[in-house]
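Trainee: Following this message is one structure expressed as structure tokens.
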Amino acid sequence: MTIMDSNRFDLIVVGAGLAGMTAAAAATERGLRVALVSSGFGMFVFGAGCIENRPLSKADRPELLEEAVGFFSEFTRQAGCPFRGAIASEVHLPTILGSFQTVSLAPFYLWSGAVSEAVRATVVGIDGLTSFDADFVTERLTNQAARLGLSTTYVARTISLPHEAGVTQSTLQFANRFDRDIEFRRTLLEALKPAARDADLIILPGLLGLRTGLEEISQLEQDLGCRLCELPTLPPSIPGLRLFHALDRRLRRIGVECFSGFPVTDLEFDGRRCVGVVTDTPARPRHLKAGSVILASGRFSGRLLGQSLSGFDGQLRPTDGDGRTIADNLHAVGALLSAQGGHGGNQRAILTGYRAGMLAAGQEDRYAAR
Amino acid sequence: MRQDDVSLDNCLKCSDCNTVCPMLAAHPGYPGPKHLGPELERLRREGLPCDSEWLEYCLGCHRCDLACPNQVNVSELIAAAKARHRKPFIRQVRDFWFARPGLLGKILSVAPAVTNAVLAAGAARFGMSRIMRITSERSFPPYAKPDLPSPQASLRASERLLFFPGCAIRYNQPELAKTVVALLQRNGFAPEISTAGCCGVPALANGDGQEARRRARSNVEAMDQAVENGATIVTACPSCGHMLKSGLAELLEDDPELEKRAKRIARHTYDLAELLMAQSDAGKLNTKFRKTDLQLAYHAPCHQLSQGIGRPWYHLLRQIPGVQIEDLDAGCCGMSGTFGFKEEKYPVSMAVGQRLFERIHEAAPKMVASECATCRMQIEHGAKVQAIHPAEVLLQAYER
């Protein structure tokens with residue numbers, strides 16, 4: 001086998017959000033050797049990774065959105081955490097606040113919650129789980145559905161799950177038990193059965209495991225004879241972290257080298273080229289070298305570009321005040337691109353992540369050739 | 001602990017740390033790193049009594065530190081609180097010895113045959129379990145005469161390589177020291193063996209802050225001169241490596257002069273695989289390997305991950321032609337040094353390891369390679385598969 005330099009890559013991606021992970025996956029599938037450098041779980045801990053249809057600018061190249069989303073859908077399917085939906089779809093998913101979030105794609109374990117006519121939904125709360133109030137969610141969802149003129153009905157129901165006395169219950173604890181304990185899955189199934197009896201859909205706080213996926217959750221739905229929809233809760237959001245772990249496992253399997261836990265402190269330049277990044281590791285900084293670099297760590301990585309950043313060119317490259325690229329092989333994706341607007345509802349993350357991965361692989365404007 | 005440390009405000013309560021805590025996953029009652037670390041620290045700094053027996057359950061794996069998006073040293077806060085934690089008398093006595101594997105090793109290796117016979121005797125183990133609260137479920141590692149290779153002739157100062165063996169190698173597996181030395185020699189180094197004692201990780205893990213500081217001080221004094229003369233320190237135990245790189249300076253921060261020297265030692269400390277991988281990157285690794293059909297699984301110890309050096313052993317072993325190797329990536333083994341030997345902690349230690357044991361059964365390797373001595377003990381005990389230091393695999397792969 002060929003011996004590969006452990007510090008030298010074709011591409012370094014900084015940041016493991018949806019943008020960075022999509023970029024890493026796209027470039028790896030095009031044959032690049034990729035390092036993914038990250039610290040923490042980013043936005044996954046706050047949400048579930050749903051994709052909203054938000055306006056894109058011309059520079060984002062919206063004409064490539066369909067292809068990017070197609071790639072992303074395949075990526076999540078292979079990771080065992082498939083997304084449902086399409087760019088053109090527009091569905092309303094319930095939230096923990098009893099409101100509706102309008103999305104075009106979502107992980108399968110949220111997608112079933114889309115409001116539609118004549119669905120009888122049971123909102124399940126858990127005795128002792130103070131961070132989720134099924135009555136509150138039910139009342140609000142009922143009002144919201146009426147406002148939208150939908151005949152969906154919501155009923156609240158509280159179940160009891162066995163737990164140690166004196167231990168505060170949390171969705172994280174339930175998720176850990178769901179991951180580890182087959183007996184707990186059976187207990188949950190039995191507790192949910194009465195709620196499923198007169199319902200087409202069970203809505204419950206996100207707790208169906210951190211390391212689970214389509215297989216385990218579909219099994220539960222099958223045993224219940226009822227569709228399930230999870231609601232992302234207060235941090236830590238189990239559905240979001242499940243997606244993170246699934247994508248992370250997939251990336252490792254296809255050969256991405258993941259460096260997690262140590263933030264990038266500097267970019268290294270050689271003239272007009274970005275030659276690598278420096279990470280803040282114990283004892284001495286670690287220098288990782290690459291043929292190209294993609295910044296995908298949200299608004300925080302802006303500081304890595306320093307004062308000179310003023311915009312981006314057509315190939316997602318940061319430019320200085322004179323409109324010159326800071327480096328020819330440095331791309332920026334996701335939230336970092338929007339100097340004025342905030343989070344792009346994940347659509348821009350996936351589109352620009354995919355594009356940058358392809359650009360780094362030298363596949364610019366050969367997208368459809370896949 | 002610096003009182004003006006701003007890192008408490010860095011904690012945004014996002015709970016990333018809780019989601020990666022192996023103890024929290026296995027033990028629903030455990031309050032988790034967020035609470036035991038930055039949350040309770042606020043009260044502790046106000047002088048409020050909030051000692052908790054749960055502090056003893058922190059495995060010191062540092063996964064919380066790695067998960068934190070805002071660089072809070074969660075585990076450091078817990079370790080400092082653990083050092084002030086009060087324990088009942090029996091646990092105090094037991095943990096006094098668990099904190100001092102160097103001293104214990106010196107005594108027990110005087111007559112290893114006697115030691116090993118006693119440690120394997122059912123009656124002795126029953127007594128230790130009842131009186132000292134040391135579980136009889138596990139076997140102790142056998143002790144041996146610390147028969148380490150003798151130091152090499154003095155080399156040119158700039159080429160000096162100093163191998164820091166640590167207690168597990170020195171007293172329980174001295175043949176591994178020979179393996180490490182031979183492996184380094186095969187790659188053109190002429191290492192000497194450091195006489196420095198225990199690194200201090202066991203002391204810190206057992207809540208003995210004073211002993212940990214004594215160890216840190218003594219090790220800085222033992223290695224300072226060599227490093228000043230240009231020596232590179234090499235570790236083959238990830239916990240020793242973690243301590244030399246991150247722990248020494250933290251423990252000695254009250255003494256700026258010693259802290260400075262500790263940081264210099266840290267800068268010159270390399271994990272064995274990190275050093276060999278650097279050789280490989282420079283095209284200087286001896287790759288005269290024989291073909292093998294070995295089917296391995298690799299378990300990365302927590303203190304390897306906390307060093308931020310990537311996966312050097314995984315990549316080194318993959319260079320042996322014909323080898324099949326799978327990175328298990330299944331979290332903490334649950335042993336955490338002496339933790340798994342404690343009677344009251346044995347069940348949870350095994351529960352933490354469950355995920356790893358299951359992954360090993362799935363992978364069904366002939367052997368598991370892992371560089372941490374106590375990870376290997378736990379893997380052999382929990383997954384019933386032979387576990388081996390990756391240095392041994394690499395050395396055996398060389399042509400004779």
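Labeling convention for the structure tokens: chains A, B, ... as they appear, residues from 1 per chain, ligands from 1 in order of appearance.
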Do you know which residues are at most 8 Å from stretch 78-84 of chain B counting only C-alpha atoms, after dropping those on the same chain fewer than 5 positions away, and could you put them as JSON, numbers by chain?
Mentor: {"B": [1, 33, 36, 37, 51, 55, 56, 58, 60, 204, 205, 206, 207, 208, 209]}
Trainee: Once you count only C-alpha atoms, which residues of chain A turn out to be within 6 Å of chain B? Could you give them as a list in words?
Mentor: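 Output check: Asp5, Ser39, Gly40, Val167, Asn176, Pro235, Pro236, Gly261, Thr281, Pro282, Ala283 and Arg284 of chain A.
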Trainee: Leaving out stretch 57-67 of chain A and any residue of its chain fewer than 2 positions from it, which residues lie within 8 Å of it when counting only C-alpha atoms, given as a list of chain:residue names?
Mentor: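 Here the answer would be A:Pro55, A:Val69, A:Gly70, A:Phe71, A:Ile87, A:Asp313, A:Gly314, A:Arg348, A:Leu351, A:Thr352, A:Tyr367, A:Ala368.
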Trainee: How would the residues just chosen look if you wrote them out with C-alpha atoms as a compact mmCIF listing (two decimals), in the first residue's frame?
Mentor:
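Result went into again07.txt, see below:
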```txt
# COMPACT_ATOMS: atom_id res chain seq x y z
CA PRO A 55 -33.70 32.69 -0.56
CA VAL A 69 -29.26 18.18 -2.18
CA GLY A 70 -29.26 14.96 -4.18
CA PHE A 71 -25.71 14.31 -3.08
CA ILE A 87 -36.25 21.16 -2.43
CA ASP A 313 -15.66 35.54 -5.29
CA GLY A 314 -17.66 33.28 -7.59
CA ARG A 348 -26.76 27.26 1.76
CA LEU A 351 -25.12 23.86 -1.50
CA THR A 352 -21.86 25.65 -0.76
CA TYR A 367 -20.91 18.74 -11.32
CA ALA A 368 -23.39 16.65 -13.24
```
Trainee: Mind the document's chain letters and residue numbers, and return as a ChimeraX atom specification the residues of stretch 151-289 of chain A that DSSP labels helix (DSSP H, G or I).
Mentor: /A:171-180,182-196,214-224,238-253
Trainee: Would you save the residues of that selection, restricted to N, CA and C atoms, as a compact mmCIF listing (two decimals), in the first residue's frame?
Mentor:
```txt
# COMPACT_ATOMS: atom_id res chain seq x y z
N THR A 171 -33.67 13.80 28.47
CA THR A 171 -33.74 13.09 27.19
C THR A 171 -32.40 12.40 26.91
N LEU A 172 -31.28 13.00 27.38
CA LEU A 172 -29.98 12.38 27.17
C LEU A 172 -29.91 11.01 27.85
N GLN A 173 -30.45 10.97 29.09
CA GLN A 173 -30.45 9.69 29.81
C GLN A 173 -31.26 8.64 29.08
N PHE A 174 -32.45 9.04 28.60
CA PHE A 174 -33.29 8.09 27.88
C PHE A 174 -32.56 7.62 26.62
N ALA A 175 -31.91 8.57 25.95
CA ALA A 175 -31.20 8.22 24.71
C ALA A 175 -30.07 7.23 24.99
N ASN A 176 -29.33 7.47 26.07
CA ASN A 176 -28.26 6.55 26.44
C ASN A 176 -28.82 5.16 26.73
N ARG A 177 -29.96 5.13 27.42
CA ARG A 177 -30.56 3.83 27.74
C ARG A 177 -31.08 3.17 26.47
N PHE A 178 -31.64 3.96 25.57
CA PHE A 178 -32.14 3.41 24.31
C PHE A 178 -30.99 2.78 23.51
N ASP A 179 -29.83 3.47 23.53
CA ASP A 179 -28.65 2.96 22.82
C ASP A 179 -28.15 1.64 23.39
N ARG A 180 -28.13 1.56 24.71
CA ARG A 180 -27.38 0.50 25.38
C ARG A 180 -28.19 -0.70 25.81
N ILE A 182 -31.41 -3.15 25.51
CA ILE A 182 -32.49 -3.70 24.70
C ILE A 182 -33.78 -3.81 25.54
N GLU A 183 -33.58 -4.02 26.82
CA GLU A 183 -34.72 -4.12 27.74
C GLU A 183 -35.48 -2.79 27.81
N PHE A 184 -34.71 -1.69 27.81
CA PHE A 184 -35.35 -0.37 27.85
C PHE A 184 -36.17 -0.13 26.59
N ARG A 185 -35.69 -0.60 25.45
CA ARG A 185 -36.45 -0.43 24.20
C ARG A 185 -37.79 -1.15 24.31
N ARG A 186 -37.76 -2.34 24.91
CA ARG A 186 -39.02 -3.10 25.08
C ARG A 186 -39.96 -2.36 26.02
N THR A 187 -39.39 -1.83 27.12
CA THR A 187 -40.20 -1.09 28.08
C THR A 187 -40.85 0.11 27.41
N LEU A 188 -40.08 0.83 26.61
CA LEU A 188 -40.61 2.01 25.92
C LEU A 188 -41.71 1.60 24.94
N LEU A 189 -41.48 0.51 24.24
CA LEU A 189 -42.47 0.01 23.29
C LEU A 189 -43.79 -0.29 24.01
N GLU A 190 -43.70 -0.99 25.13
CA GLU A 190 -44.92 -1.33 25.87
C GLU A 190 -45.62 -0.08 26.38
N ALA A 191 -44.82 0.90 26.84
CA ALA A 191 -45.41 2.14 27.37
C ALA A 191 -46.09 2.94 26.27
N LEU A 192 -45.55 2.85 25.04
CA LEU A 192 -46.10 3.65 23.93
C LEU A 192 -47.33 2.99 23.30
N LYS A 193 -47.49 1.68 23.49
CA LYS A 193 -48.56 0.95 22.81
C LYS A 193 -49.95 1.55 23.03
N PRO A 194 -50.31 1.86 24.29
CA PRO A 194 -51.64 2.45 24.49
C PRO A 194 -51.80 3.77 23.75
N ALA A 195 -50.71 4.54 23.67
CA ALA A 195 -50.77 5.83 22.98
C ALA A 195 -50.95 5.65 21.47
N ALA A 196 -50.49 4.51 20.97
CA ALA A 196 -50.53 4.27 19.53
C ALA A 196 -51.89 3.72 19.09
N LEU A 214 -31.86 4.45 11.02
CA LEU A 214 -33.08 3.98 10.36
C LEU A 214 -33.51 2.61 10.88
N GLU A 215 -32.53 1.73 11.05
CA GLU A 215 -32.85 0.35 11.42
C GLU A 215 -33.60 0.29 12.75
N GLU A 216 -33.03 0.90 13.77
CA GLU A 216 -33.58 0.78 15.12
C GLU A 216 -34.91 1.52 15.25
N ILE A 217 -34.99 2.71 14.65
CA ILE A 217 -36.20 3.51 14.82
C ILE A 217 -37.35 2.94 13.98
N SER A 218 -37.04 2.45 12.79
CA SER A 218 -38.07 1.80 11.98
C SER A 218 -38.61 0.56 12.68
N GLN A 219 -37.72 -0.15 13.34
CA GLN A 219 -38.14 -1.36 14.08
C GLN A 219 -39.17 -0.99 15.14
N LEU A 220 -38.90 0.10 15.84
CA LEU A 220 -39.84 0.54 16.88
C LEU A 220 -41.19 0.92 16.25
N GLU A 221 -41.15 1.64 15.13
CA GLU A 221 -42.40 2.02 14.45
C GLU A 221 -43.17 0.77 14.02
N GLN A 222 -42.42 -0.19 13.50
CA GLN A 222 -43.05 -1.43 13.03
C GLN A 222 -43.72 -2.16 14.19
N ASP A 223 -43.00 -2.27 15.30
CA ASP A 223 -43.56 -2.97 16.46
C ASP A 223 -44.77 -2.24 17.03
N LEU A 224 -44.76 -0.92 16.90
CA LEU A 224 -45.88 -0.11 17.42
C LEU A 224 -47.05 -0.10 16.45
N ILE A 238 -31.12 15.42 20.99
CA ILE A 238 -30.74 14.05 20.63
C ILE A 238 -30.84 13.82 19.11
N PRO A 239 -31.93 14.28 18.45
CA PRO A 239 -32.01 14.04 16.99
C PRO A 239 -30.84 14.67 16.24
N GLY A 240 -30.39 15.84 16.67
CA GLY A 240 -29.26 16.50 16.01
C GLY A 240 -27.96 15.74 16.22
N LEU A 241 -27.73 15.32 17.46
CA LEU A 241 -26.49 14.60 17.76
C LEU A 241 -26.46 13.24 17.06
N ARG A 242 -27.63 12.62 16.94
CA ARG A 242 -27.70 11.34 16.22
C ARG A 242 -27.25 11.53 14.78
N LEU A 243 -27.71 12.61 14.17
CA LEU A 243 -27.29 12.91 12.80
C LEU A 243 -25.78 13.13 12.75
N PHE A 244 -25.26 13.90 13.70
CA PHE A 244 -23.82 14.15 13.74
C PHE A 244 -23.05 12.83 13.78
N HIS A 245 -23.43 11.96 14.72
CA HIS A 245 -22.69 10.70 14.88
C HIS A 245 -22.79 9.83 13.63
N ALA A 246 -23.97 9.83 13.01
CA ALA A 246 -24.15 9.00 11.81
C ALA A 246 -23.25 9.50 10.68
N LEU A 247 -23.24 10.81 10.46
CA LEU A 247 -22.42 11.38 9.38
C LEU A 247 -20.93 11.20 9.69
N ASP A 248 -20.58 11.40 10.97
CA ASP A 248 -19.20 11.23 11.40
C ASP A 248 -18.73 9.79 11.15
N ARG A 249 -19.57 8.82 11.50
CA ARG A 249 -19.20 7.41 11.26
C ARG A 249 -19.01 7.15 9.77
N ARG A 250 -19.93 7.70 8.98
CA ARG A 250 -19.85 7.50 7.53
C ARG A 250 -18.55 8.09 6.96
N LEU A 251 -18.22 9.32 7.40
CA LEU A 251 -17.01 9.97 6.90
C LEU A 251 -15.77 9.16 7.26
N ARG A 252 -15.72 8.66 8.49
CA ARG A 252 -14.57 7.85 8.89
C ARG A 252 -14.47 6.59 8.04
N ARG A 253 -15.64 6.02 7.75
CA ARG A 253 -15.65 4.77 6.98
C ARG A 253 -15.11 5.00 5.57
```
Trainee: Tell me, counting only C-alpha atoms, for each residue of stretch 262-365 of chain B within 10 Å of stretch 94-110 of chain B, which pair of atoms is nearest and how far apart they are in Å to one decimal, in rows ordered by chain and increasing number, as a tab-separated table.
Mentor:
```
residue	atom	partner	partner_atom	distance
B:Gly337	CA	B:Phe98	CA	9.0
B:Thr338	CA	B:Phe98	CA	6.3
B:Phe339	CA	B:Phe98	CA	8.9
B:Phe341	CA	B:Phe98	CA	9.4
B:Lys342	CA	B:Arg94	CA	8.8
```
Trainee: What does the file look like for those residues with C-alpha atoms, as an mmCIF file, in the first residue's frame?
Mentor:
```cif
data_model
loop_
_atom_site.group_PDB
_atom_site.id
_atom_site.type_symbol
_atom_site.label_atom_id
_atom_site.label_comp_id
_atom_site.auth_asym_id
_atom_site.auth_seq_id
_atom_site.Cartn_x
_atom_site.Cartn_y
_atom_site.Cartn_z
ATOM 1 C CA GLY B 337 -6.317 2.629 35.667
ATOM 2 C CA THR B 338 -7.121 1.539 39.195
ATOM 3 C CA PHE B 339 -10.816 2.529 38.973
ATOM 4 C CA PHE B 341 -10.202 -2.626 40.619
ATOM 5 C CA LYS B 342 -12.363 -0.863 43.187
#
```
Trainee: Using atom CA of B:Glu326 and atom CA of B:Leu296 as the two end points, give the distance in Å to one decimal.
Mentor: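 Calculated distance between atom CA of B:Glu326 and atom CA of B:Leu296 is 6.5 Å.
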Trainee: Choose the residue, out of A:Glu139, A:Glu52, A:Glu117, A:Asp200, that has the smallest atom-to-atom separation from A:Thr152; count only C-alpha atoms.
Mentor: A:Glu117
Trainee: Write out as a PyMOL selection string each polymer residue whose atoms come within 12 Å of A:Asp133, counting only C-alpha atoms; drop sequence neighbours fewer than 3 positions from it.
Mentor: chain A and resi 95-98+123-130+136-140+156-158+203-205+231+233
Trainee: Could you save those same residues with C-alpha atoms as a short mmCIF file (atom, residue, chain, number, x, y, z; two decimals), in the first residue's frame?
Mentor:
```
data_model
loop_
_atom_site.label_atom_id
_atom_site.label_comp_id
_atom_site.auth_asym_id
_atom_site.auth_seq_id
_atom_site.Cartn_x
_atom_site.Cartn_y
_atom_site.Cartn_z
CA THR A 95 -41.63 21.96 17.39
CA ILE A 96 -41.20 21.62 21.13
CA LEU A 97 -42.79 25.09 21.48
CA GLY A 98 -45.96 23.87 19.81
CA VAL A 123 -48.18 13.91 21.83
CA VAL A 124 -46.40 11.80 24.42
CA GLY A 125 -44.91 13.32 27.54
CA ILE A 126 -42.90 11.37 30.09
CA ASP A 127 -43.57 11.41 33.78
CA GLY A 128 -40.73 13.29 35.48
CA LEU A 129 -39.24 14.73 32.30
CA THR A 130 -39.60 18.39 33.15
CA PHE A 136 -48.63 22.75 26.35
CA VAL A 137 -47.38 21.41 23.01
CA THR A 138 -50.76 19.80 22.26
CA GLU A 139 -52.76 22.93 22.99
CA ARG A 140 -50.53 25.11 20.86
CA ALA A 156 -51.71 14.69 24.93
CA ARG A 157 -50.76 11.58 26.82
CA THR A 158 -48.25 10.99 29.58
CA ILE A 203 -44.99 12.74 18.64
CA LEU A 204 -42.42 12.47 21.41
CA PRO A 205 -39.40 14.44 22.66
CA LEU A 231 -39.14 16.83 18.55
CA THR A 233 -35.51 19.51 22.65
#
```
Trainee: Determine the nearest neighbour of A:Gly306 from the options A:Arg273, A:Arg30, A:Pro318, A:Gly209, counting only C-alpha atoms.
Mentor: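 Ranking A:Arg273, A:Arg30, A:Pro318, A:Gly209 by distance to A:Gly306, first place goes to A:Pro318.
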Trainee: Can you list every residue in stretch 88-235 of chain B that DSSP puts in strand (DSSP E), as a list in words?
Mentor: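 Selecting the strand (DSSP E) positions of stretch 88-235 of chain B gives Leu161, Leu162, Phe163, Phe164, Glu192, Ile193, Thr232, Ile233, Val234 and Thr235 of chain B.
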Trainee: Include N, CA and C atoms and write out the residues we just selected as a short mmCIF file (atom, residue, chain, number, x, y, z; two decimals), in the first residue's frame.
Mentor:
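again_13.cif, written as the output of this step:
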```cif
data_model
loop_
_atom_site.label_atom_id
_atom_site.label_comp_id
_atom_site.auth_asym_id
_atom_site.auth_seq_id
_atom_site.Cartn_x
_atom_site.Cartn_y
_atom_site.Cartn_z
N LEU B 161 17.70 10.35 23.12
CA LEU B 161 16.31 9.96 23.21
C LEU B 161 16.16 9.28 24.57
N LEU B 162 15.21 9.76 25.34
CA LEU B 162 15.03 9.25 26.69
C LEU B 162 13.66 8.59 26.77
N PHE B 163 13.65 7.29 27.02
CA PHE B 163 12.38 6.56 27.10
C PHE B 163 11.85 6.59 28.53
N PHE B 164 10.63 7.13 28.70
CA PHE B 164 9.99 7.19 30.01
C PHE B 164 9.04 5.99 30.10
N GLU B 192 17.94 5.83 25.70
CA GLU B 192 18.28 5.51 27.09
C GLU B 192 16.98 5.42 27.86
N ILE B 193 17.05 4.75 29.01
CA ILE B 193 15.82 4.60 29.80
C ILE B 193 15.84 5.56 30.98
N THR B 232 15.01 14.20 23.67
CA THR B 232 13.59 14.04 23.40
C THR B 232 13.07 12.94 24.31
N ILE B 233 11.93 13.18 24.95
CA ILE B 233 11.34 12.16 25.83
C ILE B 233 10.35 11.34 25.00
N VAL B 234 10.38 10.03 25.18
CA VAL B 234 9.44 9.16 24.48
C VAL B 234 8.63 8.37 25.49
N THR B 235 7.31 8.33 25.29
CA THR B 235 6.45 7.53 26.16
C THR B 235 5.79 6.44 25.31
#
```
Trainee: Please compute the atom CA of B:Pro390-atom CA of B:Tyr143 distance, one decimal, in Å.
Mentor: 21.1 Å
Trainee: Near stretch 319-327 of chain A, within 6 Å and counting only C-alpha atoms, which residues show up once chain neighbours fewer than 4 positions away are dropped, as a PyMOL selection string?
Mentor: chain A and resi 272-274+308-312
Trainee: A:Thr122: which residues within 6 Å, counting only C-alpha atoms, same-chain residues fewer than 2 positions away excluded, as a VMD selection string?
Mentor: chain A and resid 154 to 156 202
Trainee: Report as a list of chain:residue names all protein, DNA and RNA residues lying within 6 Å of A:Val293, evaluated on only C-alpha atoms, omitting residues in the same chain fewer than 4 positions from it.
Mentor: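 My list of contacting residues is A:Leu11, A:Ile12, A:Val13, A:Leu330.
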